[in-house]
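Have a look at protein-v4.cif; it's mmCIF, C-alpha atoms:
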data_structure
#
loop_
_atom_site.label_atom_id
_atom_site.label_comp_id
_atom_site.auth_asym_id
_atom_site.auth_seq_id
_atom_site.Cartn_x
_atom_site.Cartn_y
_atom_site.Cartn_z
CA GLY V 1 119.05 99.33 164.97
CA ALA V 2 115.57 100.21 166.19
CA GLY V 3 113.41 97.25 167.01
CA LEU V 4 116.29 94.73 167.17
CA LYS V 5 117.02 92.82 170.35
CA PRO V 6 120.46 91.42 171.17
CA ALA V 7 120.76 87.68 171.09
CA PRO V 8 120.77 85.97 174.48
CA THR V 9 124.19 85.29 175.98
CA GLY V 10 125.64 81.95 174.88
CA THR V 11 123.50 81.70 171.74
CA THR V 12 124.30 82.44 168.12
CA PRO V 13 121.74 84.07 165.81
CA ALA V 14 120.72 81.90 162.88
CA PHE V 15 122.15 84.31 160.33
CA TYR V 16 125.57 84.18 162.06
CA GLY V 17 125.65 80.41 162.31
CA PRO V 18 127.65 78.07 160.07
CA ARG V 19 126.17 77.52 156.59
CA SER V 20 125.85 74.24 154.78
CA GLN V 21 127.77 73.48 151.62
CA ALA V 22 124.51 73.65 149.64
CA GLU V 23 123.78 77.15 150.92
CA LEU V 24 127.28 78.34 150.10
CA GLY V 25 127.03 76.79 146.65
CA ASN V 26 123.72 78.50 145.93
CA GLN V 27 125.12 81.83 147.09
CA LYS V 28 128.13 81.47 144.78
CA LYS V 29 125.86 80.65 141.82
CA TRP V 30 123.71 83.69 142.58
CA CYS V 31 126.78 85.95 142.74
CA VAL V 32 128.08 84.61 139.43
CA LYS V 33 124.72 85.15 137.71
CA ARG V 34 124.47 88.71 139.07
CA THR V 35 128.00 89.47 137.87
CA LEU V 36 127.21 88.10 134.40
CA ARG V 37 124.02 90.19 134.17
CA LYS V 38 125.93 93.34 135.12
CA THR V 39 128.63 92.53 132.57
CA GLU V 40 126.10 91.95 129.78
CA SER V 41 124.23 95.15 130.67
CA SER V 42 127.38 97.26 130.79
CA SER V 43 128.65 95.86 127.48
CA SER V 44 125.34 96.20 125.61
CA MET V 45 124.57 99.77 126.63
CA PRO V 46 127.63 101.32 124.95
CA LEU V 47 126.76 99.39 121.78
CA GLN V 48 123.19 100.68 121.84
CA GLU V 49 124.41 104.21 122.42
CA GLU V 50 126.89 103.86 119.57
CA PHE V 51 124.18 102.62 117.19
CA GLU V 52 121.90 105.51 118.15
CA LYS V 53 124.71 108.05 117.84
CA THR V 54 125.68 106.76 114.40
CA GLY V 55 122.02 106.61 113.38
CA GLU V 56 121.50 110.22 114.40
CA TYR V 57 124.49 111.28 112.30
CA PHE V 58 123.29 109.33 109.26
CA PHE V 59 119.77 110.72 109.78
CA ARG V 60 121.02 114.31 109.57
CA TRP V 61 122.98 113.67 106.38
CA ARG V 62 120.60 111.26 104.65
CA SER V 63 119.54 113.92 102.11
CA TYR V 64 123.07 113.89 100.69
CA LEU V 65 123.05 110.15 100.10
CA PRO V 66 122.33 110.53 96.35
CA LEU V 67 125.59 112.48 95.97
CA VAL V 68 127.58 109.55 97.35
CA MET V 69 125.67 107.16 95.14
CA ALA V 70 126.30 109.40 92.11
CA VAL V 71 130.06 109.02 92.57
CA LEU V 72 129.76 105.24 92.68
CA PHE V 73 127.38 105.37 89.72
CA ILE V 74 129.96 107.23 87.62
CA LEU V 75 132.62 104.66 88.51
CA ALA V 76 130.26 101.87 87.47
CA VAL V 77 129.53 103.58 84.14
CA ALA V 78 133.22 103.41 83.31
CA HIS V 79 132.98 99.62 83.32
CA PHE V 80 129.56 99.37 81.70
CA ARG V 81 129.04 96.44 79.34
CA TYR V 82 126.20 94.28 78.06
CA PRO V 83 126.29 90.81 79.66
CA PHE V 84 124.46 88.96 76.88
CA ALA V 85 125.38 88.35 73.27
CA ASN V 86 121.72 88.63 72.31
CA HIS V 87 120.35 92.16 71.84
CA GLY V 88 116.85 91.08 72.81
CA LEU V 89 118.05 89.66 76.14
CA ASP V 90 119.97 92.85 76.84
CA LEU V 91 116.83 94.92 76.25
CA ALA V 92 114.78 92.59 78.45
CA TRP V 93 117.38 92.92 81.22
CA ASP V 94 117.33 96.71 80.98
CA ALA V 95 113.54 96.80 81.04
CA GLY V 96 113.44 94.53 84.09
CA CYS V 97 115.94 96.68 85.99
CA LEU V 98 114.03 99.87 85.20
CA ALA V 99 110.79 98.17 86.29
CA ILE V 100 112.39 97.37 89.66
CA ALA V 101 113.48 101.00 90.05
CA LEU V 102 109.98 102.15 89.09
CA LEU V 103 108.53 99.85 91.73
CA GLY V 104 110.59 101.69 94.31
CA GLN V 105 109.13 104.98 93.10
CA VAL V 106 105.62 103.54 93.43
CA VAL V 107 106.36 102.55 97.04
CA ARG V 108 107.56 106.09 97.75
CA PHE V 109 104.50 107.59 96.01
CA PHE V 110 102.00 105.62 98.08
CA THR V 111 103.95 106.43 101.23
CA VAL V 112 104.57 110.16 100.82
CA GLY V 113 101.29 110.88 99.04
CA PHE V 114 98.99 109.48 101.72
CA VAL V 115 100.66 110.13 105.07
CA PRO V 116 98.90 112.44 107.53
CA ARG V 117 100.59 115.75 108.30
CA GLY V 118 103.01 115.62 111.21
CA THR V 119 103.93 111.95 110.85
CA SER V 120 106.67 112.16 108.24
CA GLY V 121 109.04 114.81 106.98
CA ARG V 122 112.45 115.79 105.71
CA ASN V 123 113.70 117.29 108.97
CA THR V 124 117.41 116.81 109.54
CA ARG V 125 118.15 118.45 112.89
CA GLY V 126 116.41 115.82 114.98
CA GLN V 127 113.57 113.36 115.33
CA VAL V 128 110.10 114.90 115.01
CA ALA V 129 106.72 113.15 115.15
CA GLU V 130 103.42 114.63 116.24
CA ALA V 131 101.63 111.32 115.79
CA LEU V 132 102.47 107.70 115.03
CA ASN V 133 101.53 106.76 111.48
CA THR V 134 100.15 103.21 111.39
CA THR V 135 97.96 103.20 108.26
CA GLY V 136 98.53 102.83 104.53
CA MET V 137 102.06 101.76 103.67
CA TYR V 138 103.01 102.09 107.33
CA ALA V 139 100.56 99.30 108.13
CA VAL V 140 102.36 97.06 105.63
CA VAL V 141 105.95 97.85 106.61
CA ARG V 142 107.48 100.11 109.27
CA ASN V 143 110.00 101.81 106.97
CA PRO V 144 108.40 102.13 103.52
CA ILE V 145 110.42 105.20 102.44
CA TYR V 146 113.72 103.46 103.08
CA LEU V 147 112.42 100.32 101.42
CA GLY V 148 111.44 102.34 98.33
CA ASN V 149 114.84 104.04 98.20
CA PHE V 150 116.63 100.72 98.40
CA ILE V 151 114.50 99.19 95.63
CA ILE V 152 115.24 102.18 93.36
CA TRP V 153 118.99 101.96 93.81
CA PHE V 154 118.96 98.17 93.63
CA GLY V 155 117.25 98.37 90.22
CA LEU V 156 119.74 100.99 89.02
CA SER V 157 122.66 98.90 90.22
CA LEU V 158 121.40 95.89 88.27
CA PHE V 159 120.99 98.12 85.22
CA MET V 160 124.71 98.95 85.42
CA LYS V 161 125.51 95.22 85.14
CA SER V 162 128.28 95.53 87.70
CA VAL V 163 128.67 92.91 90.42
CA TRP V 164 130.80 95.15 92.64
CA PHE V 165 128.39 98.09 92.30
CA THR V 166 125.35 95.98 93.24
CA THR V 167 127.26 94.47 96.19
CA VAL V 168 128.30 97.91 97.47
CA ILE V 169 124.73 99.21 97.13
CA ILE V 170 123.33 96.33 99.17
CA LEU V 171 125.95 96.60 101.93
CA PHE V 172 125.87 100.39 102.04
CA PHE V 173 122.09 100.66 102.31
CA THR V 174 121.94 97.85 104.86
CA ILE V 175 124.37 99.55 107.24
CA PHE V 176 123.16 103.09 106.51
CA TYR V 177 119.45 102.46 107.02
CA GLU V 178 119.92 99.97 109.83
CA ARG V 179 121.50 102.68 111.98
CA ILE V 180 118.87 105.27 111.05
CA ILE V 181 116.02 102.85 111.78
CA TRP V 182 117.61 101.99 115.12
CA ARG V 183 117.67 105.67 116.10
CA GLU V 184 114.20 106.49 114.82
CA GLU V 185 112.55 103.55 116.53
CA ALA V 186 114.30 104.34 119.81
CA PHE V 187 112.76 107.83 119.59
CA LEU V 188 109.30 106.51 118.69
CA ARG V 189 109.41 103.89 121.43
CA GLN V 190 110.27 106.52 124.01
CA LYS V 191 107.58 108.95 122.82
CA PHE V 192 104.65 106.62 122.06
CA GLY V 193 105.38 103.71 124.41
CA ASP V 194 102.93 100.81 124.21
CA THR V 195 101.26 102.21 121.09
CA PHE V 196 104.55 101.92 119.21
CA MET V 197 105.31 98.47 120.63
CA GLN V 198 101.93 97.10 119.52
CA TRP V 199 102.39 98.54 116.02
CA ALA V 200 105.98 97.25 115.80
CA ASP V 201 104.92 93.76 116.90
CA ALA V 202 102.30 93.59 114.13
CA THR V 203 104.29 95.31 111.36
CA PRO V 204 107.56 94.02 109.85
CA ALA V 205 110.53 96.38 109.65
CA ILE V 206 111.52 95.82 106.01
CA ILE V 207 109.73 92.87 104.37
CA PRO V 208 106.15 94.02 103.60
CA LYS V 209 103.12 92.16 104.92
CA PHE V 210 100.43 93.26 102.44
CA LYS V 211 97.55 91.65 104.31
CA ASN V 212 98.02 94.33 106.98
CA TRP V 213 96.94 97.12 104.60
CA ARG V 214 94.31 99.41 106.09
#
Rewrite the structure of this file - the entire thing - as structure tokens.
Amino acid sequence: GAGLKPAPTGTTPAFYGPRSQAELGNQKKWCVKRTLRKTESSSSMPLQEEFEKTGEYFFRWRSYLPLVMAVLFILAVAHFRYPFANHGLDLAWDAGCLAIALLGQVVRFFTVGFVPRGTSGRNTRGQVAEALNTTGMYAVVRNPIYLGNFIIWFGLSLFMKSVWFTTVIILFFTIFYERIIWREEAFLRQKFGDTFMQWADATPAIIPKFKNWR
């Protein structure tokens, strides 16, 4: 190529010369590490894409979630029974379960009632956000609406006094909202960049940190 001079006759360029065992060993290690990195990257990307694809699907149909829960609720009613022999304990249990469900409504009220316009909505066709909401409930937890929904249904499931119903609710909401959160945060990270990353680092995804309120 341009600027390269041929090696003098009878000499061997350094990069053509014999290599030591240490050099060959280091080269092999480097090749193995590069292969492993490519393998990990190629295997993780399809998983990320699958999570985002599933999350997008769940996001579009999330408004119909109560219909699915209603079917399970009816099945649980068929096996409804009071777990305690004492009427007072049964009433206390019912009151506690309804209080948990009411707590979920309170979380939703403080979230929906005080968010700025353009930062939250019921759109189903795709992700929309004019600004990143980082105050109020969104300063305490990144997904307050989903947290409130889960608390509501968790309280109702306990009210039904059905172990299988409560277990299904926990597993269903965990998988359902995990995928949606994955998709939403991928969108927010792409749109808001460092602003989102700083907010996400300071704000938990699900477990509230009340000292962050502002």
Could you tell me which residues the PyMOL selection byres ((chain V and resi 96-106) around 10) returns for this structure, as a PyMOL selection string?
chain V and resi 90-95+107-112+144-161
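Taking CA of Phe114 (chain V) and CA of Asn133 (chain V) as endpoints, the distance between them is 10.4 Å.
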Which one of V:Ala85, V:Ala186, V:Met137, V:Val68 sits closest to Phe210 (chain V) if you count only C-alpha atoms?
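Among V:Ala85, V:Ala186, V:Met137, V:Val68, it is V:Met137 that comes nearest to Phe210 (chain V).
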How many Å separate CA of Glu185 (chain V) from CA of Leu72 (chain V)?
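Pair CA of Glu185 (chain V) / CA of Leu72 (chain V) returns 29.5 Å.
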Tell me, in Å to one decimal, how far CA of Ala202 (chain V) is from CA of Thr135 (chain V).
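Going from CA of Ala202 (chain V) over to CA of Thr135 (chain V) covers 12.1 Å.
Proximity of V:Gly113, V:Ile169, V:Arg81, V:Tyr138 to Phe196 (chain V), computed with all atoms listed in the file, is greatest for V:Tyr138.
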With only C-alpha atoms as the basis for distance, which of V:Leu171, V:Val163, V:Ile181, V:Val141 is at the shortest distance from Asp201 (chain V)?
V:Val141
Show me, as a compact mmCIF listing (two decimals) with C-alpha atoms, in the frame of the given file, the residues that have an atom within 7 Å of Lys209 (chain V) when counting all atoms listed in the file, minus same-chain residues fewer than 3 positions from it.
# COMPACT_ATOMS: atom_id res chain seq x y z
CA VAL V 140 102.36 97.06 105.63
CA VAL V 141 105.95 97.85 106.61
CA PRO V 204 107.56 94.02 109.85
CA ASN V 212 98.02 94.33 106.98
Using all atoms listed in the file, which of the listed residues (V:Ile175, V:Val168, V:Ala205, V:Ile180) sits closest to Phe73 (chain V)?
V:Val168
Using all atoms listed in the file, the shortest atom-to-atom distance to Leu132 (chain V) among V:Tyr82, V:Phe172, V:Phe192, V:Tyr177 belongs to V:Phe192
Among the residues V:Glu184, V:Trp164, V:Gly136, V:Ile207, the one that comes closest to Leu75 (chain V) [using only C-alpha atoms]
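Of all the options, V:Trp164 lies closest to Leu75 (chain V).
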